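Participant: Okay, handing you the structure first.
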Amino acid sequence: MDDKAKILLVDDREENLIALEAILSSLDQDLVRARSGEEALKALLTDEYAVILLDVVMPGMDGFETARDIKRRKKTRDLPIIFLTAVNSDPDYAFRGYAAGAVDFISKPFDPWVLRAKVSVFVELHAKNKQLRDQTTLLREQAAMLREQAALLRSRPTEQPRDAGDRLRAVLEQAELVGKRLPAALRPEFEELDRRLTDLHQALNNEHPPPP
């Protein structure tokens with residue numbers, strides 16, 4: 001399985017794309033090119049990205065328009081965007097950029113150390129969020145399996161629920177660890193899952209109390 005993050009590089013000038021790729025190649029992630037805002041939006045339809053480096057001045061759809069369209073989509077509204085601007089760019093660009101959803105600005109020519117440092121932060125954050133989403137999915141699957149086991153125990157009251165109870169306690173402990181590191185965006189879903197796990201644990205205890 002490829003664990004590399006995708007980084008979308010959006011610039012209409014070939015030399016700028018080459019410079020970005022040269023600077024970011026040491027991060028060992030998947031660098032994806034887009035030569036226009038329209039091409040960037042198409043790329044976002046099929047793949048998940050950790051961060052977008054987006055040129056402000058482009059023919060046709062400029063960086064501000066592209067960012068606004070990205071933020072309108074539910075799938076990409078939380079995707080971090082770093083705008084790329086010229087050193088002598090309009091001072092109003094910063095205000096317009098943040099209003100369009102940018103998280104940062106980087107001026108051309110790029111400072112290699114600054115660029116790599118900023119991009120690596122979002123790559124690491126993307127990896128952690130993906131790990132937490134995977135853990136939440138696993139917990140959901142385990143909860144469904146335990147609900148099936150609980151239903152089976154109800155239909156066979158003479159069987160001992162010890163194994164199911166032990167497994168449920170292990171899932172609850174794992175859920176507690178995940179909950180401490182969960183980002184705000186995933187917390188409502190996690191709280192609902194945690195509530196269901198707790199209800200299931202209580203139901204098992206009520207139906208099969210431990211021997212005196």
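Residue numbering restarts at 1 for every chain of the structure tokens, chains are lettered A, B, ... in their displayed order, and ligands are numbered from 1 as they appear.
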Range 26-41 of chain A: which residues within 8 Å, counting only C-alpha atoms, same-chain residues fewer than 5 positions away excluded, as a tab-separated table (two decimals) with N, CA and C atoms, in the first residue's frame?

Facilitator:
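Heads up, here's the output in around-v4.tsv:
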chain	number	residue	atom	x	y	z
A	4	LYS	N	2.18	7.41	0.54
A	4	LYS	CA	2.62	8.75	0.20
A	4	LYS	C	1.42	9.69	0.04
A	5	ALA	N	1.60	10.92	0.48
A	5	ALA	CA	0.57	11.93	0.31
A	5	ALA	C	0.70	12.57	-1.06
A	6	LYS	N	-0.41	13.05	-1.58
A	6	LYS	CA	-0.40	13.77	-2.85
A	6	LYS	C	-0.38	15.27	-2.59
A	7	ILE	N	0.50	15.96	-3.30
A	7	ILE	CA	0.61	17.42	-3.21
A	7	ILE	C	0.31	17.99	-4.58
A	8	LEU	N	-0.68	18.87	-4.66
A	8	LEU	CA	-1.08	19.43	-5.95
A	8	LEU	C	-0.36	20.75	-6.20
A	9	LEU	N	0.37	20.81	-7.30
A	9	LEU	CA	1.13	22.00	-7.69
A	9	LEU	C	0.39	22.66	-8.86
A	10	VAL	N	-0.09	23.88	-8.65
A	10	VAL	CA	-0.90	24.55	-9.66
A	10	VAL	C	-0.20	25.83	-10.11
A	11	ASP	N	0.29	25.84	-11.35
A	11	ASP	CA	0.97	27.00	-11.91
A	11	ASP	C	0.95	26.88	-13.42
A	12	ASP	N	0.74	27.98	-14.11
A	12	ASP	CA	0.67	27.92	-15.57
A	12	ASP	C	2.05	27.98	-16.23
A	13	ARG	N	3.09	28.23	-15.44
A	13	ARG	CA	4.44	28.37	-16.00
A	13	ARG	C	5.26	27.12	-15.70
A	17	LEU	N	6.79	25.15	-12.05
A	17	LEU	CA	6.49	23.77	-11.68
A	17	LEU	C	7.77	22.96	-11.48
A	21	GLU	N	8.94	21.17	-7.98
A	21	GLU	CA	9.26	19.75	-7.92
A	21	GLU	C	10.68	19.52	-7.41
A	58	MET	N	-2.94	33.50	-12.99
A	58	MET	CA	-2.99	32.53	-14.07
A	58	MET	C	-4.02	32.99	-15.09
A	59	PRO	N	-3.82	32.70	-16.36
A	59	PRO	CA	-4.83	33.05	-17.36
A	59	PRO	C	-6.11	32.24	-17.14
A	60	GLY	N	-7.25	32.83	-17.53
A	60	GLY	CA	-8.51	32.14	-17.32
A	60	GLY	C	-8.91	32.22	-15.86
A	61	MET	N	-9.09	31.09	-15.21
A	61	MET	CA	-9.46	31.05	-13.79
A	61	MET	C	-8.21	31.30	-12.95
A	62	ASP	N	-8.18	32.41	-12.22
A	62	ASP	CA	-7.00	32.71	-11.42
A	62	ASP	C	-7.03	31.95	-10.09
A	63	GLY	N	-6.01	32.18	-9.26
A	63	GLY	CA	-5.91	31.44	-8.01
A	63	GLY	C	-7.05	31.70	-7.05
A	65	GLU	N	-10.22	32.56	-7.75
A	65	GLU	CA	-11.42	31.86	-8.22
A	65	GLU	C	-11.30	30.36	-7.97
A	66	THR	N	-10.12	29.81	-8.24
A	66	THR	CA	-9.91	28.38	-8.02
A	66	THR	C	-10.09	28.02	-6.55
A	69	ASP	N	-13.75	27.98	-5.52
A	69	ASP	CA	-14.44	26.77	-5.98
A	69	ASP	C	-14.05	25.56	-5.13
A	70	ILE	N	-12.80	25.49	-4.76
A	70	ILE	CA	-12.35	24.38	-3.91
A	70	ILE	C	-13.06	24.40	-2.56
A	116	ARG	N	9.68	23.83	1.96
A	116	ARG	CA	9.64	22.43	2.42
A	116	ARG	C	9.07	22.33	3.83
A	120	SER	N	5.69	20.28	4.59
A	120	SER	CA	5.84	19.06	5.40
A	120	SER	C	4.89	19.05	6.59

Participant: Please provide as a PyMOL selection string all residues within 12 Å of Phe95 in chain A, with the sequence filter that same-chain residues fewer than 6 positions apart are discarded (counting only C-alpha atoms).

Facilitator: chain A and resi 64+83+101-105

Participant: Pull all heavy atoms from the residues just selected and write them as a PDB file, in the first residue's frame.

Facilitator:
ATOM      1  N   PHE A  64      -7.525  32.945  -6.983  1.00  0.00           N
ATOM      2  CA  PHE A  64      -8.619  33.277  -6.065  1.00  0.00           C
ATOM      3  C   PHE A  64      -9.904  32.555  -6.463  1.00  0.00           C
ATOM      4  O   PHE A  64     -10.606  32.002  -5.603  1.00  0.00           O
ATOM      5  CB  PHE A  64      -8.854  34.791  -6.055  1.00  0.00           C
ATOM      6  CG  PHE A  64      -7.657  35.586  -5.622  1.00  0.00           C
ATOM      7  CD1 PHE A  64      -7.156  36.613  -6.416  1.00  0.00           C
ATOM      8  CD2 PHE A  64      -7.016  35.324  -4.421  1.00  0.00           C
ATOM      9  CE1 PHE A  64      -6.054  37.357  -6.017  1.00  0.00           C
ATOM     10  CE2 PHE A  64      -5.911  36.052  -4.007  1.00  0.00           C
ATOM     11  CZ  PHE A  64      -5.430  37.079  -4.813  1.00  0.00           C
ATOM     12  N   PHE A  83      -0.948  29.910  -1.188  1.00  0.00           N
ATOM     13  CA  PHE A  83      -0.866  30.710  -2.408  1.00  0.00           C
ATOM     14  C   PHE A  83       0.588  31.035  -2.747  1.00  0.00           C
ATOM     15  O   PHE A  83       1.405  31.309  -1.855  1.00  0.00           O
ATOM     16  CB  PHE A  83      -1.644  32.017  -2.253  1.00  0.00           C
ATOM     17  CG  PHE A  83      -3.094  31.908  -2.627  1.00  0.00           C
ATOM     18  CD1 PHE A  83      -4.085  32.337  -1.770  1.00  0.00           C
ATOM     19  CD2 PHE A  83      -3.461  31.386  -3.854  1.00  0.00           C
ATOM     20  CE1 PHE A  83      -5.418  32.253  -2.119  1.00  0.00           C
ATOM     21  CE2 PHE A  83      -4.804  31.293  -4.217  1.00  0.00           C
ATOM     22  CZ  PHE A  83      -5.779  31.726  -3.352  1.00  0.00           C
ATOM     23  N   GLY A 101      -9.802  31.502   1.354  1.00  0.00           N
ATOM     24  CA  GLY A 101      -9.550  30.254   2.067  1.00  0.00           C
ATOM     25  C   GLY A 101      -8.108  29.826   2.165  1.00  0.00           C
ATOM     26  O   GLY A 101      -7.821  28.694   2.559  1.00  0.00           O
ATOM     27  N   ALA A 102      -7.177  30.707   1.834  1.00  0.00           N
ATOM     28  CA  ALA A 102      -5.758  30.337   1.928  1.00  0.00           C
ATOM     29  C   ALA A 102      -5.318  30.211   3.388  1.00  0.00           C
ATOM     30  O   ALA A 102      -5.839  30.908   4.263  1.00  0.00           O
ATOM     31  CB  ALA A 102      -4.896  31.381   1.230  1.00  0.00           C
ATOM     32  N   VAL A 103      -4.365  29.320   3.630  1.00  0.00           N
ATOM     33  CA  VAL A 103      -3.793  29.195   4.969  1.00  0.00           C
ATOM     34  C   VAL A 103      -2.452  29.909   5.069  1.00  0.00           C
ATOM     35  O   VAL A 103      -1.972  30.181   6.164  1.00  0.00           O
ATOM     36  CB  VAL A 103      -3.623  27.719   5.384  1.00  0.00           C
ATOM     37  CG1 VAL A 103      -4.968  27.022   5.463  1.00  0.00           C
ATOM     38  CG2 VAL A 103      -2.701  26.982   4.413  1.00  0.00           C
ATOM     39  N   ASP A 104      -1.832  30.218   3.901  1.00  0.00           N
ATOM     40  CA  ASP A 104      -0.514  30.857   3.925  1.00  0.00           C
ATOM     41  C   ASP A 104      -0.171  31.382   2.537  1.00  0.00           C
ATOM     42  O   ASP A 104      -0.840  31.072   1.543  1.00  0.00           O
ATOM     43  CB  ASP A 104       0.557  29.848   4.373  1.00  0.00           C
ATOM     44  CG  ASP A 104       1.747  30.534   5.046  1.00  0.00           C
ATOM     45  OD1 ASP A 104       1.880  31.762   4.890  1.00  0.00           O
ATOM     46  OD2 ASP A 104       2.518  29.827   5.711  1.00  0.00           O
ATOM     47  N   PHE A 105       0.900  32.213   2.497  1.00  0.00           N
ATOM     48  CA  PHE A 105       1.434  32.741   1.247  1.00  0.00           C
ATOM     49  C   PHE A 105       2.929  32.451   1.188  1.00  0.00           C
ATOM     50  O   PHE A 105       3.614  32.503   2.213  1.00  0.00           O
ATOM     51  CB  PHE A 105       1.229  34.258   1.169  1.00  0.00           C
ATOM     52  CG  PHE A 105      -0.131  34.682   0.706  1.00  0.00           C
ATOM     53  CD1 PHE A 105      -1.206  34.699   1.583  1.00  0.00           C
ATOM     54  CD2 PHE A 105      -0.348  35.065  -0.605  1.00  0.00           C
ATOM     55  CE1 PHE A 105      -2.456  35.087   1.166  1.00  0.00           C
ATOM     56  CE2 PHE A 105      -1.599  35.459  -1.040  1.00  0.00           C
ATOM     57  CZ  PHE A 105      -2.655  35.468  -0.156  1.00  0.00           C
TER      58      PHE A 105
END
